[in-house]
$ cat protein.txt   # compact mmCIF, C-alpha atoms
# COMPACT_ATOMS: atom_id res chain seq x y z
CA MET D 1 38.74 -38.57 177.77
CA GLY D 2 39.54 -41.76 179.50
CA THR D 3 36.21 -41.83 181.26
CA LEU D 4 34.49 -41.14 178.02
CA LEU D 5 36.22 -44.08 176.41
CA LEU D 6 35.36 -46.20 179.38
CA LEU D 7 31.76 -45.12 179.11
CA ALA D 8 31.74 -45.92 175.43
CA THR D 9 33.12 -49.36 175.93
CA GLU D 10 30.74 -49.97 178.75
CA ALA D 11 27.85 -48.81 176.64
CA SER D 12 28.86 -51.10 173.82
CA ALA D 13 29.25 -53.94 176.29
CA VAL D 14 25.81 -53.22 177.70
CA HIS D 15 24.49 -52.99 174.23
CA SER D 16 25.91 -56.33 173.16
CA GLU D 17 24.50 -57.79 176.32
CA LEU D 18 21.13 -56.29 175.50
CA ALA D 19 21.29 -57.67 172.02
CA GLU D 20 22.11 -61.09 173.38
CA SER D 21 19.30 -60.95 175.85
CA GLY D 22 17.03 -59.78 173.05
CA ALA D 23 18.06 -62.74 170.98
CA GLU D 24 17.30 -64.92 173.92
CA GLY D 25 14.03 -63.25 174.95
CA GLY D 26 12.80 -62.66 171.45
CA PHE D 27 9.29 -61.64 170.64
CA GLY D 28 6.42 -63.16 172.40
CA LEU D 29 2.94 -62.77 173.69
CA ASN D 30 2.30 -61.32 177.08
CA ILE D 31 -0.79 -63.03 178.37
CA ASP D 32 -0.91 -61.41 181.77
CA ILE D 33 -4.40 -59.94 181.57
CA LEU D 34 -3.96 -57.39 184.32
CA GLU D 35 -0.58 -56.20 183.20
CA THR D 36 -1.60 -55.77 179.58
CA ASN D 37 -4.56 -53.65 180.65
CA ILE D 38 -6.61 -55.47 178.08
CA ILE D 39 -9.90 -55.35 179.97
CA ASN D 40 -9.80 -51.59 180.32
CA ILE D 41 -8.86 -51.17 176.70
CA ALA D 42 -11.63 -53.50 175.63
CA ILE D 43 -14.16 -51.55 177.68
CA LEU D 44 -12.87 -48.27 176.31
CA VAL D 45 -13.00 -49.51 172.73
CA GLY D 46 -16.47 -50.90 173.31
CA VAL D 47 -17.76 -47.63 174.74
CA LEU D 48 -16.09 -45.69 171.97
CA PHE D 49 -17.65 -47.93 169.35
CA TYR D 50 -21.06 -47.86 170.97
CA PHE D 51 -21.30 -44.09 171.22
CA GLY D 52 -18.98 -43.09 168.44
CA ARG D 53 -20.68 -45.32 165.93
CA LYS D 54 -23.98 -43.51 166.30
CA VAL D 55 -22.46 -40.07 166.09
CA ILE D 56 -20.20 -40.91 163.18
CA SER D 57 -22.89 -42.75 161.27
CA ASN D 58 -25.27 -39.85 161.83
CA ILE D 59 -22.74 -37.36 160.55
CA LEU D 60 -21.85 -39.54 157.59
CA ASN D 61 -25.47 -40.21 156.70
CA GLU D 62 -26.24 -36.53 156.82
CA ARG D 63 -23.26 -35.80 154.67
CA ARG D 64 -24.27 -38.49 152.22
CA LEU D 65 -27.82 -37.20 152.04
CA LYS D 66 -26.61 -33.67 151.52
CA ILE D 67 -24.30 -34.75 148.74
CA GLU D 68 -27.04 -36.83 147.18
CA VAL D 69 -29.45 -33.91 147.24
CA GLU D 70 -26.82 -31.59 145.86
CA ILE D 71 -25.93 -33.97 143.06
CA LYS D 72 -29.58 -34.45 142.24
CA ASP D 73 -30.06 -30.71 142.25
CA ALA D 74 -27.07 -30.20 140.04
CA GLU D 75 -28.20 -32.91 137.67
CA GLN D 76 -31.65 -31.38 137.56
CA ARG D 77 -30.16 -28.02 136.80
CA ALA D 78 -27.90 -29.53 134.17
CA LYS D 79 -30.91 -31.21 132.58
CA GLU D 80 -32.85 -27.98 132.65
CA ALA D 81 -29.97 -26.11 131.19
CA ALA D 82 -29.56 -28.71 128.45
CA ALA D 83 -33.27 -28.51 127.71
CA ALA D 84 -33.09 -24.74 127.59
CA LEU D 85 -30.07 -24.98 125.35
CA SER D 86 -31.77 -27.33 122.91
CA ASP D 87 -34.87 -25.18 123.04
CA ALA D 88 -32.88 -22.10 122.30
CA GLN D 89 -31.03 -23.88 119.52
CA GLN D 90 -34.30 -24.99 118.03
CA LYS D 91 -35.57 -21.46 118.23
CA LEU D 92 -32.38 -20.26 116.67
CA THR D 93 -32.70 -22.59 113.70
CA GLN D 94 -36.35 -21.70 113.44
CA SER D 95 -35.68 -18.03 113.45
CA GLN D 96 -32.83 -18.53 111.03
CA ALA D 97 -35.19 -20.31 108.68
CA GLU D 98 -37.69 -17.56 109.18
CA ALA D 99 -35.08 -14.97 108.47
CA GLN D 100 -34.12 -16.86 105.35
CA LYS D 101 -37.75 -16.95 104.29
CA ILE D 102 -38.24 -13.29 105.01
CA ARG D 103 -35.15 -12.45 103.07
CA GLN D 104 -36.31 -14.57 100.14
CA THR D 105 -39.73 -13.02 100.07
CA ALA D 106 -38.18 -9.61 100.40
CA GLU D 107 -35.92 -10.35 97.46
CA GLU D 108 -38.87 -11.60 95.48
CA ASN D 109 -40.84 -8.55 96.40
CA ALA D 110 -37.95 -6.36 95.46
CA GLN D 111 -37.63 -8.11 92.14
CA ALA D 112 -41.33 -7.78 91.47
CA ALA D 113 -41.34 -4.15 92.50
CA LYS D 114 -38.38 -3.51 90.29
CA GLU D 115 -40.06 -5.13 87.35
CA ALA D 116 -43.29 -3.31 88.03
CA ILE D 117 -41.50 -0.03 88.29
CA LEU D 118 -39.60 -0.73 85.13
CA ALA D 119 -42.78 -1.68 83.30
CA ARG D 120 -44.59 1.37 84.56
CA SER D 121 -41.77 3.63 83.63
CA VAL D 122 -41.68 2.13 80.18
CA GLN D 123 -45.40 2.74 79.95
CA ASP D 124 -44.97 6.25 81.26
CA ILE D 125 -42.32 6.95 78.73
CA GLN D 126 -44.59 5.58 76.05
CA ARG D 127 -47.45 7.71 77.24
CA LEU D 128 -45.28 10.74 77.57
CA LYS D 129 -44.00 10.19 74.11
CA GLU D 130 -47.53 9.82 72.80
CA THR D 131 -48.77 12.90 74.54
CA ALA D 132 -45.74 14.78 73.33
CA VAL D 133 -46.45 13.73 69.78
CA GLN D 134 -50.09 14.66 70.21
CA ASP D 135 -49.17 17.97 71.69
CA LEU D 136 -46.84 18.59 68.84
CA ASN D 137 -49.49 17.71 66.33
CA THR D 138 -52.14 19.90 67.88
CA GLU D 139 -49.66 22.67 68.25
CA THR D 140 -48.65 22.47 64.63
CA GLU D 141 -52.27 22.28 63.58
CA ARG D 142 -53.07 25.26 65.71
CA ALA D 143 -50.11 27.13 64.36
CA ILE D 144 -51.08 26.25 60.83
CA ALA D 145 -54.65 27.31 61.50
CA SER D 146 -53.59 30.57 63.02
CA LEU D 147 -51.19 31.13 60.20
CA ARG D 148 -53.96 30.43 57.74
CA GLN D 149 -56.25 32.82 59.54
CA GLN D 150 -53.59 35.47 59.64
CA VAL D 151 -52.89 34.99 55.98
CA VAL D 152 -56.59 35.17 55.15
CA ALA D 153 -56.98 38.22 57.32
CA MET D 154 -54.02 39.91 55.77
CA ALA D 155 -55.28 39.02 52.31
CA LEU D 156 -58.73 40.36 53.14
CA LYS D 157 -57.25 43.52 54.56
CA LYS D 158 -55.13 44.02 51.50
CA VAL D 159 -58.09 43.31 49.28
CA GLU D 160 -60.23 45.75 51.22
CA SER D 161 -57.59 48.40 51.10
CA GLN D 162 -57.10 47.79 47.40
CA LEU D 163 -60.79 47.87 46.93
CA GLN D 164 -61.16 51.08 48.81
CA SER D 165 -58.27 52.77 47.12
CA GLY D 166 -58.11 51.35 43.62
CA VAL D 167 -61.76 50.96 42.63
CA ASP D 168 -63.70 54.12 41.63
CA ASN D 169 -67.41 54.52 41.21
CA ALA D 170 -67.51 53.58 37.56
CA ALA D 171 -65.61 50.48 38.11
CA GLN D 172 -67.86 49.71 41.04
CA GLN D 173 -70.88 50.17 38.93
CA GLN D 174 -69.42 47.99 36.29
CA LEU D 175 -68.62 45.37 38.80
CA ILE D 176 -72.01 45.41 40.38
CA GLU D 177 -73.63 45.19 37.06
CA ARG D 178 -71.40 42.37 36.04
CA SER D 179 -72.35 40.60 39.21
CA ILE D 180 -75.99 41.23 38.66
CA ALA D 181 -75.59 40.03 35.13
CA LEU D 182 -73.92 36.98 36.43
CA LEU D 183 -76.74 36.44 38.87
CA GLY D 184 -79.32 37.06 36.12
CA GLY D 185 -77.39 34.91 33.75
CA ASN D 186 -77.57 32.04 36.13
CA SER D 187 -81.24 32.20 36.74
CA MET G 1 22.60 -45.45 193.35
CA GLU G 2 21.00 -45.27 196.72
CA MET G 3 17.72 -44.43 195.15
CA LEU G 4 18.06 -47.44 192.94
CA SER G 5 18.76 -49.66 195.87
CA VAL G 6 15.71 -48.22 197.56
CA LEU G 7 13.66 -48.97 194.51
CA ASN G 8 15.05 -52.44 194.09
CA PRO G 9 12.79 -54.17 196.61
CA PHE G 10 9.82 -52.89 194.70
CA ASN G 11 11.18 -54.25 191.52
CA SER G 12 11.86 -57.59 193.06
CA LEU G 13 8.26 -57.88 194.15
CA PRO G 14 6.10 -59.78 191.72
CA LEU G 15 4.29 -56.60 190.65
CA ALA G 16 4.06 -55.26 187.15
CA SER G 17 6.91 -52.91 186.44
CA LEU G 18 7.09 -49.73 184.47
CA GLU G 19 9.67 -49.43 181.79
CA VAL G 20 10.67 -45.92 180.93
CA GLY G 21 13.76 -45.19 178.94
CA HIS G 22 14.20 -48.76 177.85
CA HIS G 23 14.24 -49.19 174.13
CA PHE G 24 14.30 -51.99 171.69
CA TYR G 25 17.46 -50.99 169.87
CA TRP G 26 18.26 -51.72 166.30
CA GLN G 27 21.80 -51.18 165.23
CA LEU G 28 22.17 -49.57 161.84
CA GLY G 29 25.81 -48.71 161.18
CA ASN G 30 26.65 -46.28 163.94
CA LEU G 31 23.04 -45.47 164.62
CA LYS G 32 20.95 -46.96 167.32
CA LEU G 33 17.33 -46.94 166.31
CA HIS G 34 14.38 -47.26 168.60
CA GLY G 35 12.83 -50.30 167.01
CA GLN G 36 9.54 -50.22 168.84
CA VAL G 37 8.85 -46.73 167.52
CA PHE G 38 9.51 -47.92 163.99
CA LEU G 39 7.23 -50.89 164.41
CA THR G 40 4.31 -48.85 165.66
CA SER G 41 4.98 -46.10 163.13
CA TRP G 42 4.85 -48.65 160.35
CA PHE G 43 1.65 -49.95 161.81
CA VAL G 44 0.11 -46.46 161.88
CA ILE G 45 1.34 -45.73 158.37
CA GLY G 46 -0.12 -49.05 157.29
CA ILE G 47 -3.49 -48.17 158.78
CA LEU G 48 -3.48 -44.82 157.00
CA VAL G 49 -2.39 -46.27 153.68
CA VAL G 50 -4.90 -49.09 153.83
CA ALA G 51 -7.68 -46.70 154.77
CA SER G 52 -6.73 -44.35 151.93
CA LEU G 53 -6.55 -47.18 149.43
CA ALA G 54 -9.83 -48.64 150.62
CA ALA G 55 -11.46 -45.23 150.36
CA THR G 56 -10.19 -44.53 146.87
CA ARG G 57 -10.34 -48.00 145.39
CA ASN G 58 -13.94 -47.88 144.32
CA ILE G 59 -14.85 -44.24 144.07
CA GLN G 60 -18.53 -43.57 143.83
CA ARG G 61 -20.22 -40.41 142.87
CA ILE G 62 -22.30 -40.50 146.02
CA PRO G 63 -19.76 -41.43 148.69
CA ASN G 64 -20.50 -44.49 150.72
CA GLY G 65 -18.96 -46.16 153.73
CA ILE G 66 -15.23 -45.64 154.06
CA GLN G 67 -15.07 -43.26 151.15
CA ASN G 68 -17.61 -41.06 152.86
CA PHE G 69 -15.66 -41.23 156.10
CA MET G 70 -12.33 -40.38 154.50
CA GLU G 71 -13.91 -37.56 152.56
CA TYR G 72 -15.27 -36.25 155.81
CA ALA G 73 -11.77 -36.42 157.31
CA LEU G 74 -10.33 -34.69 154.27
CA GLU G 75 -12.93 -31.97 154.54
CA PHE G 76 -12.03 -31.48 158.16
CA ILE G 77 -8.33 -31.17 157.33
CA ARG G 78 -9.04 -28.84 154.45
CA ASP G 79 -11.14 -26.58 156.62
CA LEU G 80 -8.40 -26.58 159.23
CA ALA G 81 -5.79 -25.56 156.68
CA LYS G 82 -8.11 -23.02 155.12
CA ASN G 83 -8.91 -21.44 158.44
CA GLN G 84 -5.25 -21.11 159.36
CA ILE G 85 -3.52 -20.31 156.08
CA GLY G 86 -6.29 -18.53 154.29
CA GLU G 87 -8.33 -19.16 151.19
CA LYS G 88 -5.63 -18.07 148.78
CA GLU G 89 -2.61 -20.09 149.83
CA TYR G 90 -3.99 -23.07 151.69
CA ARG G 91 -4.32 -25.55 148.84
CA PRO G 92 -0.67 -26.75 148.47
CA TRP G 93 -0.36 -27.17 152.23
CA VAL G 94 -3.33 -29.45 152.74
CA PRO G 95 -1.29 -32.66 152.18
CA PHE G 96 1.40 -31.67 154.67
CA ILE G 97 -0.96 -30.54 157.39
CA GLY G 98 -3.30 -33.41 156.74
CA THR G 99 -0.46 -35.90 157.02
CA LEU G 100 0.68 -34.36 160.28
CA PHE G 101 -2.79 -34.43 161.72
CA LEU G 102 -3.69 -37.92 160.60
CA PHE G 103 -0.36 -39.45 161.60
CA ILE G 104 -0.35 -37.87 165.03
CA PHE G 105 -4.01 -38.57 165.62
CA VAL G 106 -3.83 -42.20 164.61
CA SER G 107 -0.56 -42.62 166.52
CA ASN G 108 -2.02 -41.19 169.71
CA TRP G 109 -5.19 -43.20 169.50
CA SER G 110 -3.39 -46.38 168.59
CA GLY G 111 -1.29 -45.92 171.71
CA ALA G 112 -4.44 -45.61 173.78
CA LEU G 113 -6.71 -48.11 172.07
CA ILE G 114 -4.52 -50.94 170.86
CA PRO G 115 -3.30 -53.36 173.50
CA TRP G 116 0.32 -53.12 172.47
CA ARG G 117 1.49 -54.79 175.62
CA LEU G 118 0.15 -58.08 174.41
CA ILE G 119 3.24 -58.23 172.28
CA LYS G 120 6.37 -58.68 174.29
CA LEU G 121 9.52 -57.21 172.89
CA PRO G 122 12.99 -58.31 173.92
CA GLU G 123 13.51 -54.87 175.40
CA GLY G 124 11.27 -51.88 175.89
CA GLU G 125 7.64 -51.96 174.95
CA LEU G 126 5.41 -50.94 172.10
CA ALA G 127 3.54 -47.67 172.51
CA ALA G 128 2.33 -44.76 170.46
CA PRO G 129 5.06 -43.48 168.12
CA THR G 130 4.50 -39.99 169.48
CA ASN G 131 5.48 -41.40 172.85
CA ASP G 132 9.08 -41.12 171.72
CA ILE G 133 10.74 -37.72 171.58
CA ASN G 134 12.49 -38.59 168.32
CA THR G 135 9.21 -38.85 166.47
CA THR G 136 7.87 -35.56 167.71
CA VAL G 137 11.17 -33.80 167.09
CA ALA G 138 11.17 -35.14 163.56
CA LEU G 139 7.65 -33.87 163.00
CA ALA G 140 8.48 -30.50 164.52
CA LEU G 141 11.62 -30.13 162.40
CA LEU G 142 9.63 -31.02 159.33
CA THR G 143 7.24 -28.25 160.29
CA SER G 144 10.16 -25.85 160.62
CA LEU G 145 11.47 -26.86 157.21
CA ALA G 146 7.99 -26.48 155.80
CA TYR G 147 7.50 -22.96 157.02
CA PHE G 148 10.98 -21.89 155.97
CA TYR G 149 10.29 -23.36 152.55
CA ALA G 150 6.95 -21.56 152.45
CA GLY G 151 8.56 -18.25 153.30
CA PHE G 152 11.46 -18.60 150.86
CA SER G 153 9.36 -19.86 148.00
CA LYS G 154 6.92 -16.99 148.50
CA LYS G 155 9.30 -14.09 149.08
CA GLY G 156 12.82 -15.29 148.29
CA LEU G 157 15.51 -13.60 150.32
CA ARG G 158 13.10 -10.86 151.34
CA TYR G 159 11.85 -13.43 153.81
CA PHE G 160 14.64 -12.32 156.13
CA THR G 161 13.15 -8.87 156.41
CA LYS G 162 10.50 -10.32 158.67
CA TYR G 163 13.17 -10.67 161.36
CA ILE G 164 13.69 -6.94 161.55
CA GLU G 165 10.37 -5.85 160.29
CA PRO G 166 8.53 -3.92 163.00
CA THR G 167 11.81 -3.01 164.63
CA PRO G 168 15.33 -4.49 164.59
CA ILE G 169 15.30 -4.51 168.37
CA LEU G 170 13.20 -7.66 168.22
CA LEU G 171 15.77 -9.45 166.04
CA PRO G 172 17.07 -11.75 168.82
CA ILE G 173 13.56 -12.71 169.77
CA ALA G 174 12.65 -13.33 166.16
CA ILE G 175 15.66 -15.59 165.75
CA LEU G 176 14.93 -17.30 169.03
CA GLU G 177 11.41 -17.96 167.83
CA ASP G 178 12.70 -20.18 165.06
CA PHE G 179 14.28 -22.40 167.69
CA THR G 180 11.46 -22.31 170.18
CA LYS G 181 8.82 -23.20 167.66
CA PRO G 182 10.03 -26.75 166.92
CA LEU G 183 11.08 -27.13 170.54
CA SER G 184 7.67 -26.26 171.90
CA LEU G 185 5.89 -28.26 169.22
CA SER G 186 7.89 -31.41 169.89
CA PHE G 187 7.88 -31.17 173.67
CA ARG G 188 4.19 -30.38 173.88
CA LEU G 189 3.21 -33.43 171.92
CA PHE G 190 5.80 -35.72 173.47
CA GLY G 191 5.05 -34.55 176.99
CA ASN G 192 1.32 -34.90 176.68
CA ILE G 193 1.36 -38.34 175.16
CA LEU G 194 4.06 -39.71 177.41
CA ALA G 195 2.41 -38.25 180.50
CA ASP G 196 -0.92 -39.68 179.49
CA GLU G 197 0.49 -43.13 178.91
CA LEU G 198 2.51 -42.99 182.11
CA VAL G 199 -0.51 -41.97 184.14
CA VAL G 200 -2.49 -44.82 182.67
CA ALA G 201 0.38 -47.24 183.23
CA VAL G 202 0.82 -46.17 186.84
CA LEU G 203 -2.89 -46.41 187.51
CA VAL G 204 -3.00 -49.83 185.91
CA LEU G 205 -0.10 -50.81 188.09
CA LEU G 206 -1.90 -49.67 191.21
CA VAL G 207 -5.50 -50.58 190.43
CA PRO G 208 -5.64 -52.77 187.37
CA LEU G 209 -9.38 -52.68 186.74
CA PHE G 210 -11.83 -49.89 185.91
CA VAL G 211 -10.10 -47.10 187.79
CA PRO G 212 -7.86 -46.14 184.86
CA LEU G 213 -10.87 -45.88 182.56
CA PRO G 214 -11.68 -42.17 183.14
CA VAL G 215 -8.04 -41.31 182.72
CA MET G 216 -7.89 -43.35 179.54
CA ALA G 217 -10.95 -41.56 178.19
CA LEU G 218 -9.39 -38.25 179.11
CA GLY G 219 -6.23 -39.45 177.38
CA LEU G 220 -8.18 -40.12 174.20
CA PHE G 221 -9.57 -36.61 174.38
CA THR G 222 -6.23 -34.95 175.05
CA SER G 223 -4.44 -36.95 172.39
CA ALA G 224 -7.02 -35.92 169.82
CA ILE G 225 -6.64 -32.32 170.96
CA GLN G 226 -2.86 -32.60 170.75
CA ALA G 227 -3.06 -33.81 167.16
CA LEU G 228 -5.35 -30.92 166.36
CA VAL G 229 -3.07 -28.46 168.14
CA PHE G 230 0.02 -29.70 166.36
CA ALA G 231 -1.60 -29.48 162.94
CA THR G 232 -3.15 -26.10 163.69
CA LEU G 233 0.13 -24.66 164.95
CA ALA G 234 2.02 -26.00 161.95
CA ALA G 235 -0.54 -24.35 159.67
CA ALA G 236 -0.34 -21.14 161.69
CA TYR G 237 3.47 -21.06 161.39
CA ILE G 238 3.24 -21.62 157.66
CA HIS G 239 0.69 -18.85 157.42
CA GLU G 240 2.95 -16.55 159.39
CA ALA G 241 5.87 -17.31 157.08
CA LEU G 242 3.70 -16.70 154.04
CA GLU G 243 2.29 -13.46 155.34
CA GLY G 244 5.07 -12.11 157.52
CA HIS G 245 4.46 -8.46 158.10
CA GLY G 246 2.99 -8.04 154.69
CA GLU G 247 -0.07 -6.22 155.92
CA ALA G 248 1.99 -3.82 158.02
CA GLU G 249 4.18 -3.15 155.00
CA HIS G 250 1.13 -2.38 152.93
CA GLY G 251 -0.13 -0.11 155.67
CA GLU G 252 3.10 1.84 155.58
CA HIS G 253 3.08 2.17 151.85
CA MET G 254 -0.49 3.31 151.71
CA PRO G 255 0.03 6.98 152.67
$ encode --input "protein.txt" --output "C-alpha cells"
Amino acid sequence: MGTLLLLATEASAVHSELAESGAEGGFGLNIDILETNIINIAILVGVLFYFGRKVISNILNERRLKIEVEIKDAEQRAKEAAAALSDAQQKLTQSQAEAQKIRQTAEENAQAAKEAILARSVQDIQRLKETAVQDLNTETERAIASLRQQVVAMALKKVESQLQSGVDNAAQQQLIERSIALLGGNS
Amino acid sequence: MEMLSVLNPFNSLPLASLEVGHHFYWQLGNLKLHGQVFLTSWFVIGILVVASLAATRNIQRIPNGIQNFMEYALEFIRDLAKNQIGEKEYRPWVPFIGTLFLFIFVSNWSGALIPWRLIKLPEGELAAPTNDINTTVALALLTSLAYFYAGFSKKGLRYFTKYIEPTPILLPIAILEDFTKPLSLSFRLFGNILADELVVAVLVLLVPLFVPLPVMALGLFTSAIQALVFATLAAAYIHEALEGHGEAEHGEHMP
C-alpha cells in the first residue's frame, strides 16, 4: 500500500513536471527536414496523386457517364410513358365519345323502331278490324243469301207438294186455260 | 535500469530519437487524456465532415466532382455492408459500418501521408489516432455494443439461446468469443498501425531518405486493408448476431 502511494505521488510529481515542461516547451514547428521525414512523405503523396488521380478520375468519369446514360434512359422512358399515357387518355376520351354517340344513335334507333312498330301495329289493328268487318259483312250476306235460297227452296217444295197433292185434273185444266186466256188476253 | 543506461549513450547522441509511450497528457478531473490522439482525431473528423458537407452542399442530379467521389465511397460502403449483413437487414447498419471504415481509413492514411512531425508537441508526438490503443479499443467496444444491440433488438432475450444453440458444451467458448472479438479487433488494428509507423520511424532514423519509401507504400496498403478488415469484421459480427443459428433452427423445425 505504501509503495502504491509512493508510486502515486511520484506519478503526480512526474506529471506536474511534465505539465511544467509542456508549458515551457509549448507547441512549435519542427523544421528538421530529415527527422520529420517530409521528403519521403512528399514523394509518397506525389506518387499517390500522380497514379491515384488517373485511376480515381477514370472510375469517377465512368461512374458519371453511367449515371448520365441511366438518367437519360430513365427520362426517355418517362417521356415515352407520358406520351403513351396521354395517347391512351386521348383514345379513352375518343372512345368514350364514340360510345356516347353509339348509345345516342342506338337510343334514337330504338325510339324510331318503337314508333314504327307502334304505327304498324296500329295499322295492323286497323286492317284487322277492317277485314273483320268485311268478313262479317260477307258472312252475313252469305248467310242471308243461303237463308233466302233455303226459304225459296222450301217454299217451292211446299208449293210443288201442294200442287201435286191438292190440284186435280179439272183444276189443272182450269188453271191452264186461265193462263192461256191470260196469255191470249194480253196479246 | 541497466538497459536504460546502455541505451543512454544512444540517446545522448545527436540522432533523432523515437518516442514510444510518451503522451501529451491533458488532465480532465481524474482522467488523463492523450491529447495528441484527440487532436488528430478531431482533424480526421474535420476532414470527414468537411468532405461530407462539400459533397452534399450542392447536390446535382448527375454527380460531379466531390459529390461523385463521396457517392462512390458510399456505394463501396453500402456494398460492403450488403455483402456481409445481407440484403434484408443491411440498411440500418450502413451508417455505423461506414463511419468505422471511413474514420479508420482516413486515420490510417493521415498518419502515413500527413507530416505530423512538423508540429512539435510539448510531449509525445502526433500520429494516426488508430496508433493509440485507446482509440481502437473504443471502436472495438462500440462494435461489441452494436452487435449486442443488433441481436437484442432482433430477437429480444432469445438472443441468449445462441450461446447454447448447437450444444451447451460450447457455452464457455461462446462466452469467451464475446471477449475475444473486441480484443482481437482492437489489437489487430492497433498492432498493425503502430508497427507500420514504428517501422517507418526506425527506417527514417537509420536511413532518412528514399529507403523508407517502399515500407511507407506498403504501410498505405496495409492500413487501407486494416480499415477494410475492421469494417468487414464489424459487419460480420452484426450479421452473426442478427442471424445466430436461425438457419439451423429452421432446419430442425422443418421435419
$ atom_distance --input "protein.txt" --atom1 "atom CA of G:Pro208" --atom2 "atom CA of D:Ile38"
9.7 Å
$ closest_residue --input "protein.txt" --among "D:Leu60, D:Ile176, D:Tyr50, D:Gly184" --to "chain G" --atoms "all atoms listed in the file"
D:Leu60
$ interface_residues --input "protein.txt" --of "chain G" --to "chain D" --cutoff "6 Å" --atoms "all atoms listed in the file" --output "list in words"
Leu113, Arg117, Leu118, Ile119, Lys120, Leu121, Pro122 and Pro208 of chain G
$ atom_distance --input "protein.txt" --atom1 "atom CA of G:Trp116" --atom2 "atom CA of G:Leu100"
22.4 Å
$ closest_residue --input "protein.txt" --among "G:Val204, G:Ile169, G:Leu126, G:Leu48" --to "G:Gln36" --atoms "only C-alpha atoms"
G:Leu126
$ atom_distance --input "protein.txt" --atom1 "atom CA of G:Ile77" --atom2 "atom CA of G:Tyr159"
27.1 Å
$ residues_around --input "protein.txt" --residues "stretch 147-153 of chain G" --least-positions-apart "3" --cutoff "7 Å" --atoms "all atoms listed in the file" --output "VMD selection string"
chain G and resid 143 to 144 156 to 157 159 237 to 238 241 to 242
$ closest_residue --input "protein.txt" --among "G:Asp132, G:Leu80, G:Ala146, G:Ala195" --to "G:Val229" --atoms "all atoms listed in the file"
G:Leu80
